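Undergrad: Before I ask anything, here is the structure I am working with.
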Amino acid sequence: MAALALPFEGLPAFWVVLFTAAFVVIVVMLVWTATLFVRAERARSHPPPAPEDGADVFSWVFLVPALNEERTIRDSVARLQAVPVARRHLVVIDDGSDDGTGEALASIAEPDVHALRREPPEARKGKAAALNYAFRGLGELLGDVARDRVIVVVIDADGRLDPQAPRYAAAHFADERVGGVQSLVRIYNRSRLLTWFQDVEFAVYGFLYQAGRTRWGTAGMGGNGQFNRLSALDEVADHEGPWRDRLTEDQDLGLRLLGAGWEGRQELRAVVEQQGLPGLRRLLRQRTRWAQGNLQAMGLLRVVLGAPASLPARLDQVLHLLMPVWQAVVGASLIGSLVLWATGEVEFWDGGPLRQLAFFYVLGVGGVILGCVARGAPRGLRGVLAGVLVAQGYALYSWLLWPALLRATARQLTDRRGWAKTERERVSLTPPLR
């Protein structure tokens with residue numbers, strides 16, 4: 001045991017406390033991640049069978065919020081029209097666009113496509129407000145259709161939903177306890193290194209963390225490719241609608257559905273593709289917004305603790321909600337260790353046994369390796385081995401995004417919540433994949 005003695009012993013008390021806290025956090029996170037890894041593999045290998053009549057046991061409403069989306073909206077609508085469901089309504093919410101979005105929508109003359117136009121000053125108040133606007137009109141649109149047999153699907157204006165996704169989602173909604181199903185998010189412009197790592201990031205989250213929670217019924221909802229039972233949305237809605245004005249309104253909705261007793265599932269066979277951000281500045285701005293939304297979601301801790309779910313499921317959600325705290329502790333320890341190394345207080349490695357270096361390597365990168373292996377596991381042994389290699393670079397990418405947490409914390413403390421819309425890359429109207 002002496003060979004694995006903690007290297008920060010003998011430092012001043014402040015550093016000992018910081019590094020000990022980081023060590024405990026890392027160990028707990030590794031054990032937690034390993035638990036989710038095992039659960040995720042079970043969920044992936046035993047998905048629920050799709051119903052014989054496919055998606056046609058339900059009615060489907062696709063909600064597409066659009067603000068200045070002339071570059072993508074035709075492609076998105078065309079792909080949703082190609083989804084093979086018998087009963088469909090495609091509702092595009094033009095949230096006060098001042099580009100060619102309105103003209104693009106006006107050129108689409110299809111009976112199942114409904115374009116809703118919001119005008120200032122009501123327009124441009126966030127994605128939640130746009131979705132709620134459409135939600136309030138669903139009663140008139142649907143008529144007397146039973147609301148527990150209606151599935152509301154949120155698709156971003158750059159989204160490309162796999163045509164078979166509703167069929168796989170229906171396999172989960174056959175269980176009346178299920179209120180939400182999340183698709184696996186992929187990046188379709190993943191030809192650049194930065195966008196490729198974003199694709200890895202979404203896959204790791206879906207194949208490990210989301211799939212690991214699906215049998216608990218606590219998988220979260222995402223902003224794109226989110227399926228929700230209409231009666232579940234009714235239960236958490238207020239006079240405005242089910243979505244709240246949060247920077248991550250999708251995460252907020254999923255947690256409140258959990259608190260109301262509904263289950264959330266991840267469906268890995270249902271894929272929705274979206275644009276990645278090719279520039280680091282835009283990516284950091286987006287992730288800062290997401291990180292600030294995570295900080296806002298911590299206000300739902302009491303809701304999660306009181307949810308009618310198993311104790312392990314609730315503890316998992318608490319750990320997840322407090323992730324910004326754990327990230328801050330580990331990040332502060334990294335900065336502290338660099339400071340001590342730069343000032344000559346400690347050596348990077350004192351030349352001790354290699355097993356000591358291996359021990360701390362596993363602690364630091366083990367969770368990342370598990371995530372990348374879970375991503376590659378569907379491809380067999382080659383995918384597993386590739387996952388181990390990918391994890392080395394992905395670990396660096398993860399740390400590249402850590403400054404977003406600092407900026408998000410500063411914005412939250414100063415009550416700054418306004419955000420500029422992320423600009424899309426232009427796409428060509430291509431035939432939907434079948």
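Each chain in the structure tokens gets a letter, A, B, ..., in the order shown, and its residues are numbered from 1; ligands are numbered from 1 in order too.
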Taking only region 11-225 of chain A into account, list the residues labelled helix (DSSP H, G or I) by DSSP (computed from the backbone), as a VMD selection string.
TA: chain A and resid 13 to 45 54 to 57 73 to 81 101 to 106 127 to 136 138 to 142 147 to 149 165 to 173 193 to 214
Undergrad: Write the residues of the selection above to a file with C-alpha atoms, as an mmCIF file, in the first residue's frame.
TA:
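Saved the output as out_14.cif:
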data_model
loop_
_atom_site.group_PDB
_atom_site.id
_atom_site.type_symbol
_atom_site.label_atom_id
_atom_site.label_comp_id
_atom_site.auth_asym_id
_atom_site.auth_seq_id
_atom_site.Cartn_x
_atom_site.Cartn_y
_atom_site.Cartn_z
ATOM 1 C CA ALA A 13 -3.693 21.645 4.835
ATOM 2 C CA PHE A 14 -5.533 23.566 2.085
ATOM 3 C CA TRP A 15 -4.017 21.439 -0.651
ATOM 4 C CA VAL A 16 -4.539 18.213 1.274
ATOM 5 C CA VAL A 17 -8.251 19.005 1.700
ATOM 6 C CA LEU A 18 -8.672 19.953 -1.978
ATOM 7 C CA PHE A 19 -6.816 16.943 -3.358
ATOM 8 C CA THR A 20 -8.483 14.530 -0.928
ATOM 9 C CA ALA A 21 -11.911 15.830 -1.957
ATOM 10 C CA ALA A 22 -10.997 15.454 -5.633
ATOM 11 C CA PHE A 23 -9.702 11.933 -5.034
ATOM 12 C CA VAL A 24 -12.944 10.892 -3.324
ATOM 13 C CA VAL A 25 -15.036 12.472 -6.096
ATOM 14 C CA ILE A 26 -13.040 10.703 -8.813
ATOM 15 C CA VAL A 27 -13.321 7.303 -7.095
ATOM 16 C CA VAL A 28 -17.080 7.696 -6.565
ATOM 17 C CA MET A 29 -17.560 8.854 -10.171
ATOM 18 C CA LEU A 30 -15.603 5.865 -11.482
ATOM 19 C CA VAL A 31 -17.672 3.383 -9.451
ATOM 20 C CA TRP A 32 -20.864 5.162 -10.482
ATOM 21 C CA THR A 33 -19.852 5.121 -14.154
ATOM 22 C CA ALA A 34 -18.951 1.419 -13.987
ATOM 23 C CA THR A 35 -22.405 0.679 -12.533
ATOM 24 C CA LEU A 36 -24.112 2.570 -15.347
ATOM 25 C CA PHE A 37 -21.868 0.792 -17.877
ATOM 26 C CA VAL A 38 -23.104 -2.632 -16.742
ATOM 27 C CA ARG A 39 -26.740 -1.477 -16.731
ATOM 28 C CA ALA A 40 -26.322 0.151 -20.154
ATOM 29 C CA GLU A 41 -25.003 -3.047 -21.717
ATOM 30 C CA ARG A 42 -28.008 -4.958 -20.393
ATOM 31 C CA ALA A 43 -30.426 -2.351 -21.744
ATOM 32 C CA ARG A 44 -28.677 -2.222 -25.141
ATOM 33 C CA SER A 45 -28.686 -5.991 -25.614
ATOM 34 C CA GLY A 54 -45.295 -0.294 -35.985
ATOM 35 C CA ALA A 55 -45.926 3.285 -35.001
ATOM 36 C CA ASP A 56 -49.540 3.349 -36.145
ATOM 37 C CA VAL A 57 -50.984 2.550 -32.725
ATOM 38 C CA ILE A 73 -36.086 24.177 -42.543
ATOM 39 C CA ARG A 74 -36.973 22.706 -45.971
ATOM 40 C CA ASP A 75 -34.654 19.761 -45.396
ATOM 41 C CA SER A 76 -36.038 19.136 -41.915
ATOM 42 C CA VAL A 77 -39.686 19.277 -43.043
ATOM 43 C CA ALA A 78 -39.032 17.012 -46.044
ATOM 44 C CA ARG A 79 -37.448 14.379 -43.822
ATOM 45 C CA LEU A 80 -40.294 14.457 -41.303
ATOM 46 C CA GLN A 81 -42.815 14.058 -44.105
ATOM 47 C CA THR A 101 -37.959 31.100 -43.060
ATOM 48 C CA GLY A 102 -41.526 32.319 -43.594
ATOM 49 C CA GLU A 103 -41.194 32.204 -47.371
ATOM 50 C CA ALA A 104 -39.713 28.705 -47.180
ATOM 51 C CA LEU A 105 -42.653 27.486 -45.113
ATOM 52 C CA ALA A 106 -45.169 29.194 -47.393
ATOM 53 C CA LYS A 127 -37.621 27.743 -27.155
ATOM 54 C CA ALA A 128 -39.927 26.891 -24.232
ATOM 55 C CA ALA A 129 -42.295 29.741 -25.089
ATOM 56 C CA ALA A 130 -42.436 28.650 -28.739
ATOM 57 C CA LEU A 131 -43.179 25.037 -27.821
ATOM 58 C CA ASN A 132 -45.832 26.066 -25.307
ATOM 59 C CA TYR A 133 -47.521 28.228 -27.948
ATOM 60 C CA ALA A 134 -47.905 25.185 -30.182
ATOM 61 C CA PHE A 135 -48.927 22.985 -27.243
ATOM 62 C CA ARG A 136 -51.864 25.246 -26.376
ATOM 63 C CA LEU A 138 -53.063 20.951 -29.939
ATOM 64 C CA GLY A 139 -56.595 20.430 -28.618
ATOM 65 C CA GLU A 140 -58.122 22.129 -31.651
ATOM 66 C CA LEU A 141 -55.699 20.371 -33.997
ATOM 67 C CA LEU A 142 -56.289 16.856 -32.628
ATOM 68 C CA ARG A 147 -54.367 12.268 -25.430
ATOM 69 C CA ASP A 148 -52.607 9.239 -23.946
ATOM 70 C CA ARG A 149 -52.385 7.857 -27.514
ATOM 71 C CA ALA A 165 -37.536 6.240 -34.916
ATOM 72 C CA PRO A 166 -41.282 6.446 -34.074
ATOM 73 C CA ARG A 167 -41.583 2.676 -34.495
ATOM 74 C CA TYR A 168 -38.861 2.070 -31.904
ATOM 75 C CA ALA A 169 -40.230 4.758 -29.588
ATOM 76 C CA ALA A 170 -43.648 3.081 -29.767
ATOM 77 C CA ALA A 171 -42.075 -0.047 -28.266
ATOM 78 C CA HIS A 172 -41.540 1.904 -25.047
ATOM 79 C CA PHE A 173 -44.851 3.785 -25.073
ATOM 80 C CA LEU A 193 -12.131 16.713 -35.917
ATOM 81 C CA LEU A 194 -14.097 19.068 -33.655
ATOM 82 C CA THR A 195 -17.507 17.965 -34.926
ATOM 83 C CA TRP A 196 -16.393 14.321 -34.828
ATOM 84 C CA PHE A 197 -15.610 14.665 -31.121
ATOM 85 C CA GLN A 198 -19.063 16.186 -30.615
ATOM 86 C CA ASP A 199 -20.512 13.074 -32.235
ATOM 87 C CA VAL A 200 -18.458 10.919 -29.857
ATOM 88 C CA GLU A 201 -19.715 13.030 -26.955
ATOM 89 C CA PHE A 202 -23.390 12.504 -27.791
ATOM 90 C CA ALA A 203 -22.836 8.792 -28.401
ATOM 91 C CA VAL A 204 -21.057 8.352 -25.057
ATOM 92 C CA TYR A 205 -23.891 10.119 -23.269
ATOM 93 C CA GLY A 206 -26.546 8.010 -25.011
ATOM 94 C CA PHE A 207 -24.860 4.596 -24.890
ATOM 95 C CA LEU A 208 -23.580 4.931 -21.305
ATOM 96 C CA TYR A 209 -25.382 7.435 -19.108
ATOM 97 C CA GLN A 210 -28.797 7.436 -20.765
ATOM 98 C CA ALA A 211 -28.934 3.708 -21.499
ATOM 99 C CA GLY A 212 -27.661 3.011 -17.980
ATOM 100 C CA ARG A 213 -30.697 4.799 -16.557
ATOM 101 C CA THR A 214 -33.348 3.495 -18.924
#
Undergrad: Residues at most 12 Å from Val318 (chain A), counting only C-alpha atoms, excluding those fewer than 6 positions away in the same chain, as a list in words?
TA: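 Using only C-alpha atoms, the neighbours found are Trp32, Thr218, Leu255, Ala297, Met298, Gly299, Leu300, Leu301, Arg302, Val303, Val304, Leu305, Gly306, Ala307, Leu311, Pro312, Pro324, Val325 and Trp326 of chain A.
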Undergrad: Using only C-alpha atoms, which residue out of A:Glu273, A:Glu110, A:Asp415, A:Asp156 lies closest to Ser183 (chain A)?
TA: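 Among the listed residues, the smallest separation from Ser183 (chain A) belongs to A:Glu273.
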Undergrad: Report, in Å to a single decimal, how far apart CA of Phe62 (chain A) and CA of Leu321 (chain A) are.
TA: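 Here the two named atoms are 28.7 Å from each other.
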Undergrad: Taking only region 267-431 of chain A into account, list the residues labelled strand (DSSP E or B) by DSSP (computed from the backbone), as a ChimeraX atom specification.
TA: /A:267-274
Undergrad: Can those selected residues be exported to a file as a short mmCIF file (atom, residue, chain, number, x, y, z; two decimals), in the first residue's frame so that it contains C-alpha atoms?
TA:
data_model
loop_
_atom_site.label_atom_id
_atom_site.label_comp_id
_atom_site.auth_asym_id
_atom_site.auth_seq_id
_atom_site.Cartn_x
_atom_site.Cartn_y
_atom_site.Cartn_z
CA GLU A 267 -33.95 4.35 -27.35
CA LEU A 268 -30.61 3.68 -29.04
CA ARG A 269 -32.19 2.36 -32.27
CA ALA A 270 -33.97 5.68 -32.85
CA VAL A 271 -31.48 8.23 -34.17
CA VAL A 272 -31.80 11.95 -34.75
CA GLU A 273 -28.95 13.76 -36.46
CA GLN A 274 -28.14 17.44 -36.08
#
Undergrad: Please provide the set of residues having any atom within 10 Å of Gly331 (chain A), restricted to only C-alpha atoms, with same-chain residues fewer than 6 positions apart removed, written as a PyMOL selection string.
TA: chain A and resi 22+325+337+399+402-403+405-406
